[in-house]
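Report on the following structure.
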Amino acid sequence: MTRFAMKTPLSNRKAVIIAIAACVLISFLRWPELLLDAQFWGEDGWYWWPEARAFGFSSLLLPHTGYFQTDARMVALLASPFPLSRGPTLFALAALIFDVMPAAFLISGRCASLCPSLPLRIFIGFLWCAMPNTWEVHGNLTNSQWHLAVLSLLILMSATPATKAGLTFDTVMLALGCVSGPFCIFLAPVSAILAWRHPSGTRLARLAIVMAGALIQISALSMGARSAMPSLGATPISFIRLMAGQVFLAPLVGHRHLPQWYATGPWRSGLLPWIAALTGFWLCIDAARRWPVIRLAGLFTLLTLCASLSHPVPGDDGSPVWVSMRNLDSNMRYLFLPLVFWMTVLAVTTFAAPRGWAKGVATGALLVSLFSGIPRDWRFPAVPDRHFYDIAREYDKAPPGTRFVIPVRPGRQAVYIK
């Protein structure tokens with residue numbers, strides 16, 4: 001596989017350990033309530049925990065929204081014997097681990113074949129953990145499947161592990177990623193290309209795991225009830241505004257400042273969205289042209305984005321989905337992979353591309369992100385205290401049959417009958 005043209009020293013185990021610890025610290029500091037005030041998020045409290053308590057191991061066989069989400073179900077099973085007041089902490093710890101796993105795997109020596117530069121891998125790993133516009137997928141088990149998708153892609157592209165422990169990790173995590181969300185369907189072409197270009201027993205085994213996962217998820221999707229398609233508002237200018245604002249511009253200026261940009265004349269006229277989008281697409285295409293690894297990652301990102309934007313879960317405001325997604329923190333999980341890809345392109349082009357327009361523009365954009373977008377979006381907002389732990393302790397002490405209304409983030413609730 002073609003490597004980045006950036007000469008660097010060999011990986012240092014101590015530096016890797018320190019960098020991975022720093023990734024954990026970054027993820028924690030962005031939202032300390034993740035562990036200090038752990039609570040269920042969305043489906044964590046609506047489905048995973050109560051269904052694990054009600055159905056036990058049978059809950060692993062229950063698809064949700066048409067496909068299997070096994071990572072969340074497995075954590076819920078592990079947490080189900082504990083009191084309600086302890087369950088969210090276990091969920092949060094697992095979510096934090098899943099969040100950091102892609103960056104940790106990238107930084108480790110396992111990805112040296114993709115990017116020989118340890119400093120560059122560490123820098124990209126830090127970017128992934130500090131990336132703006134990711135509140136919806138940060139620190140909750142429900143959306144951990146998006147992080148597992150990135151990890152699965154890295155495993156597929158990485159070299160054959162040198163140890164049995166590495167082989168076991170690859171096999172287990174790739175299999176888990178394939179049954180935690182529908183992403184294996186879009187990983188299948190990437191895995192097939194790698195197995196064809198670099199045939200080996202490891203590549204074929206990985207392809208078999210991905211194909212098996214794809215068959216499982218496609219079967220679940222085909223047997224699930226089909227809801228009416230939401231109004232997408234799918235027009236070229238709507239797509240350009242969505243990508244320009246939430247993907248290309250938000251990491252540079254901070255997503256909370258997007259409304260200020262949306263109010264400007266150049267944005268309302270459509271000039272600024274076209275400039276931002278065309279510049280972003282140009283840099284992504286240029287990086288894909290230079291590096292096969294970026295090309296494969298771009299293929300996976302594009303396939304996932306097409307599926308996400310064509311079959312999204314509608315928002316609560318009733319407006320067309322592509323329009324509502326321009327609002328702050330609205331279905332941003334669908335744009336998480338493009339955000340990861342975009343920030344990676346900026347870093348790789350800045351540090352590994354030859355001198356030229358692409359390198360200059362990418363460097364400028366990355367500097368703006370480092371000094372504007374990331375600081376502005378660094379701290380995720382704290383949520384109001386809804387007395388979850390007071391209610392949870394009452395639930396734990398209550399007799400069977402007692403009804404409780406349990407707070408569920410963000411701003412929702414669930415009804416439990418003990």
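Scheme for the structure tokens: letters A, B, ... for chains in order shown; per-chain residue numbers from 1; ligand numbers from 1 in order shown.
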
Review point. Within 8 Å of Ile240 of chain A, counting only C-alpha atoms, which residues qualify if same-chain residues fewer than 2 places away don't, as a list of chain:residue names?
Key: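 So, after excluding close chain neighbours, the residues are A:Pro236, A:Ile237, A:Ser238, A:Leu242, A:Met243, A:Ala244, A:Pro273, A:Trp274, A:Ala277.
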
Test item: residues at most 8 Å from Lys418 of chain A, only C-alpha atoms, excluding those fewer than 6 positions along its chain, as a PDB file with N, CA and C atoms, in the first residue's frame:
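Produced file result_37.pdb, reproduced below:
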```
ATOM      1  N   TYR A 395     -36.047   4.408  42.954  1.00  0.00           N
ATOM      2  CA  TYR A 395     -36.398   3.242  42.138  1.00  0.00           C
ATOM      3  C   TYR A 395     -35.750   1.984  42.710  1.00  0.00           C
ATOM      4  N   ALA A 398     -37.654   0.841  45.759  1.00  0.00           N
ATOM      5  CA  ALA A 398     -39.112   0.696  45.651  1.00  0.00           C
ATOM      6  C   ALA A 398     -39.511  -0.764  45.462  1.00  0.00           C
ATOM      7  N   PRO A 399     -40.734  -1.125  45.856  1.00  0.00           N
ATOM      8  CA  PRO A 399     -41.230  -2.493  45.634  1.00  0.00           C
ATOM      9  C   PRO A 399     -41.588  -2.708  44.167  1.00  0.00           C
ATOM     10  N   PRO A 400     -41.628  -3.955  43.704  1.00  0.00           N
ATOM     11  CA  PRO A 400     -42.013  -4.238  42.323  1.00  0.00           C
ATOM     12  C   PRO A 400     -43.394  -3.664  42.003  1.00  0.00           C
ATOM     13  N   GLY A 401     -43.533  -3.210  40.752  1.00  0.00           N
ATOM     14  CA  GLY A 401     -44.789  -2.645  40.288  1.00  0.00           C
ATOM     15  C   GLY A 401     -44.880  -1.145  40.419  1.00  0.00           C
ATOM     16  N   THR A 402     -43.894  -0.518  41.069  1.00  0.00           N
ATOM     17  CA  THR A 402     -43.913   0.932  41.228  1.00  0.00           C
ATOM     18  C   THR A 402     -43.538   1.616  39.914  1.00  0.00           C
ATOM     19  N   ARG A 403     -44.248   2.680  39.580  1.00  0.00           N
ATOM     20  CA  ARG A 403     -44.031   3.403  38.328  1.00  0.00           C
ATOM     21  C   ARG A 403     -43.150   4.627  38.571  1.00  0.00           C
ATOM     22  N   PHE A 404     -42.153   4.811  37.692  1.00  0.00           N
ATOM     23  CA  PHE A 404     -41.252   5.951  37.810  1.00  0.00           C
ATOM     24  C   PHE A 404     -41.086   6.620  36.453  1.00  0.00           C
TER      25      PHE A 404
END
```

Exercise for review: Excluding Ile155 of chain A and residues on its chain fewer than 5 positions from it, collect all residues at most 10 Å away from it, counting only C-alpha atoms, and give them as a PyMOL selection string.
Suggested key: chain A and resi 102+105-106+110-111+149-150+160-161+169-171+173-174+206

Point to revise | Nearest residue to Asp44 of chain A from the set A:Gly109, A:Gly139, A:Gly213, A:Pro119 (distances using only C-alpha atoms) | key: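 For Asp44 of chain A, the nearest of the candidates is A:Gly139.
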
Exercise for review: Any chance you could list, as a ChimeraX atom specification, the residues in segment 166-406 of chain A that come up strand (DSSP E or B) when DSSP is run on the backbone?
Suggested key: /A:180,403-406
